[in-house]
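Peer 1: I am sharing final24.cif, which consists of mmCIF, C-alpha atoms:
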data_entry
loop_
_atom_site.group_PDB
_atom_site.id
_atom_site.type_symbol
_atom_site.label_atom_id
_atom_site.label_comp_id
_atom_site.auth_asym_id
_atom_site.auth_seq_id
_atom_site.Cartn_x
_atom_site.Cartn_y
_atom_site.Cartn_z
ATOM 1 C CA MET A 4 21.376 -20.686 15.326
ATOM 2 C CA PHE A 5 20.406 -20.140 18.952
ATOM 3 C CA TRP A 6 22.413 -19.767 22.166
ATOM 4 C CA ARG A 7 21.814 -21.091 25.686
ATOM 5 C CA THR A 8 23.691 -21.022 29.014
ATOM 6 C CA ASN A 9 24.098 -24.042 31.284
ATOM 7 C CA GLN A 10 21.541 -22.379 33.583
ATOM 8 C CA GLY A 11 18.922 -22.289 30.804
ATOM 9 C CA ALA A 12 18.970 -18.608 29.792
ATOM 10 C CA GLY A 13 18.846 -18.407 26.031
ATOM 11 C CA VAL A 14 18.652 -16.271 22.922
ATOM 12 C CA ASP A 15 16.272 -17.282 20.140
ATOM 13 C CA LEU A 16 18.351 -16.287 17.127
ATOM 14 C CA ILE A 17 22.020 -15.496 16.524
ATOM 15 C CA ILE A 18 22.932 -14.164 13.094
ATOM 16 C CA GLU A 19 26.431 -14.552 11.713
ATOM 17 C CA LYS A 20 27.953 -13.135 8.557
ATOM 18 C CA TYR A 21 31.286 -14.395 7.280
ATOM 19 C CA GLY A 22 31.917 -16.112 10.615
ATOM 20 C CA LYS A 23 31.273 -13.005 12.724
ATOM 21 C CA THR A 24 28.240 -12.672 15.013
ATOM 22 C CA ILE A 25 26.343 -9.552 13.889
ATOM 23 C CA GLY A 26 23.178 -9.733 16.001
ATOM 24 C CA ALA A 27 21.360 -11.518 18.816
ATOM 25 C CA PHE A 28 17.557 -11.636 18.790
ATOM 26 C CA GLU A 29 14.758 -12.595 21.127
ATOM 27 C CA ILE A 30 11.359 -13.069 19.504
ATOM 28 C CA LYS A 31 8.409 -12.315 21.783
ATOM 29 C CA SER A 32 4.638 -12.391 21.303
ATOM 30 C CA GLN A 33 4.064 -9.686 23.928
ATOM 31 C CA SER A 34 3.062 -6.127 23.052
ATOM 32 C CA HIS A 35 4.978 -4.649 26.002
ATOM 33 C CA ILE A 36 8.526 -5.788 26.699
ATOM 34 C CA THR A 37 10.047 -5.245 30.128
ATOM 35 C CA GLY A 38 13.397 -6.007 31.711
ATOM 36 C CA ALA A 39 12.081 -9.401 32.799
ATOM 37 C CA HIS A 40 11.967 -10.483 29.134
ATOM 38 C CA LEU A 41 15.669 -9.751 28.619
ATOM 39 C CA THR A 42 17.371 -12.365 30.783
ATOM 40 C CA GLY A 43 18.763 -14.348 27.847
ATOM 41 C CA LEU A 44 20.045 -11.286 26.004
ATOM 42 C CA ARG A 45 21.706 -9.935 29.148
ATOM 43 C CA SER A 46 23.455 -13.279 29.714
ATOM 44 C CA PHE A 47 24.587 -13.302 26.084
ATOM 45 C CA GLN A 48 25.884 -9.744 26.434
ATOM 46 C CA THR A 49 28.218 -10.708 29.280
ATOM 47 C CA GLU A 50 30.029 -13.104 26.920
ATOM 48 C CA TYR A 51 29.666 -11.075 23.712
ATOM 49 C CA PRO A 52 29.503 -7.376 24.668
ATOM 50 C CA GLU A 53 30.160 -6.102 21.131
ATOM 51 C CA VAL A 54 27.138 -7.820 19.519
ATOM 52 C CA PRO A 55 24.000 -5.688 18.974
ATOM 53 C CA LEU A 56 20.947 -6.971 20.878
ATOM 54 C CA HIS A 57 17.332 -6.890 19.646
ATOM 55 C CA VAL A 58 13.870 -7.978 20.659
ATOM 56 C CA ILE A 59 11.355 -8.501 17.880
ATOM 57 C CA ALA A 60 7.870 -8.202 19.372
ATOM 58 C CA MET A 61 4.310 -7.083 18.798
ATOM 59 C CA VAL A 62 5.076 -3.474 19.745
ATOM 60 C CA GLU A 63 3.823 -0.467 17.791
ATOM 61 C CA ASN A 64 6.918 1.726 17.973
ATOM 62 C CA PRO A 65 10.581 0.934 18.554
ATOM 63 C CA TYR A 66 12.165 1.769 21.890
ATOM 64 C CA ARG A 67 15.192 0.794 23.961
ATOM 65 C CA ILE A 68 15.654 -0.835 27.308
ATOM 66 C CA GLU A 69 19.252 -0.103 28.250
ATOM 67 C CA ASP A 70 21.147 -0.870 25.017
ATOM 68 C CA ILE A 71 18.644 -3.431 23.698
ATOM 69 C CA LEU A 72 16.501 -2.334 20.760
ATOM 70 C CA ILE A 73 12.848 -3.386 20.938
ATOM 71 C CA VAL A 74 11.294 -3.326 17.460
ATOM 72 C CA SER A 75 7.995 -4.226 15.839
ATOM 73 C CA TRP A 76 7.996 -7.524 13.988
ATOM 74 C CA LYS A 77 6.246 -5.768 11.072
ATOM 75 C CA ILE A 78 8.948 -3.122 10.757
ATOM 76 C CA TYR A 79 11.722 -5.669 11.156
ATOM 77 C CA LEU A 80 10.336 -7.971 8.465
ATOM 78 C CA GLU A 81 9.697 -5.081 6.076
ATOM 79 C CA GLU A 82 13.308 -3.954 6.435
ATOM 80 C CA LEU A 83 14.559 -7.519 6.082
ATOM 81 C CA VAL A 84 12.621 -8.022 2.848
ATOM 82 C CA GLU A 85 13.652 -4.610 1.504
ATOM 83 C CA ASN A 86 17.332 -5.222 2.259
ATOM 84 C CA SER A 87 17.141 -8.687 0.745
ATOM 85 C CA PHE A 88 15.577 -7.283 -2.426
ATOM 86 C CA ARG A 89 18.216 -4.537 -2.615
ATOM 87 C CA ALA A 90 21.037 -7.068 -2.154
ATOM 88 C CA ARG A 91 19.628 -9.260 -4.926
ATOM 89 C CA GLN A 92 19.440 -6.239 -7.225
ATOM 90 C CA GLU A 93 23.073 -5.366 -6.496
ATOM 91 C CA ILE A 94 24.206 -8.924 -7.168
ATOM 92 C CA THR A 95 22.222 -9.051 -10.411
ATOM 93 C CA SER A 96 23.662 -5.686 -11.451
ATOM 94 C CA GLN A 97 27.210 -6.833 -10.647
ATOM 95 C CA ASN A 98 26.706 -10.041 -12.623
ATOM 96 C CA TRP A 99 25.323 -8.061 -15.557
ATOM 97 C CA ARG A 100 28.320 -5.695 -15.529
ATOM 98 C CA SER A 101 30.774 -8.585 -15.366
ATOM 99 C CA ASP A 102 29.017 -10.234 -18.317
ATOM 100 C CA LEU A 103 29.706 -7.073 -20.335
ATOM 101 C CA GLY A 104 33.264 -7.404 -20.052
#
Go ahead and express the file in the form of structure tokens.
Peer 2:
Amino acid sequence: MFWRTNQGAGVDLIIEKYGKTIGAFEIKSQSHITGAHLTGLRSFQTEYPEVPLHVIAMVENPYRIEDILIVSWKIYLEELVENSFRARQEITSQNWRSDLG
């Protein structure tokens, strides 16, 4: 899902888990993110200050601008795939144990 203010500031991706918002993400094609790229996330933060904020971009190394994490799309996707694989293994293992008895 995405989020947008009446003034047009927006966030590209909002992730929820069990009805709770767990992350807000901007996805940028730039290799250098500056404060000017963070308008939507800053607007979102005023309404949802407890939600972690991220920018996924074409950067080499992760860094922060204020409390917003800027991360490489390659690193982010690798972690996403790895965590997804690990979760599937845990579910399969749990199902196997419950089949035993």
Peer 1: Of the candidates A:Arg7, A:Val74, A:Glu53, A:Lys20, which one gets nearest to His35 in chain A if we count only C-alpha atoms?
Peer 2: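 With only C-alpha atoms as the atom set, the closest residue is A:Val74.
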Peer 1: Interatomic distance between CA of Lys23 in chain A and CA of Thr42 in chain A?
Peer 2: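 Between these atoms lies a distance of 22.8 Å.
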Peer 1: As a check of understanding, name the residues that the PyMOL selection byres ((chain A and resi 72) around 12) selects in the supplied structure, as a PyMOL selection string.
Peer 2: chain A and resi 26-30+36-38+41+44+55-60+62+64-71+73-75+79
Peer 1: Distance CA of Met61 in chain A-CA of Asp15 in chain A, one decimal place?
Peer 2: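 Those two atoms sit 15.8 Å apart.
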Peer 1: Closest to Glu50 in chain A among A:Glu63, A:Leu83, A:Thr8, A:Lys77, using all atoms listed in the file?
Peer 2: A:Thr8
Peer 1: Using only C-alpha atoms, which of the listed residues (A:Ile18, A:Ile78, A:Thr24, A:Ala12) sits closest to Ser46 in chain A?
Peer 2: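 Selected residue with least distance to Ser46 in chain A: A:Ala12.
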Peer 1: Separation of CA of Ser87 in chain A and CA of His40 in chain A, in Å?
Peer 2: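 These two atoms are separated by 28.9 Å.
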Peer 1: Given all atoms listed in the file as the basis, pick out the residue of A:Gln92, A:Val14, A:Asn9, A:Trp76 nearest to Ser34 in chain A.
Peer 2: A:Trp76
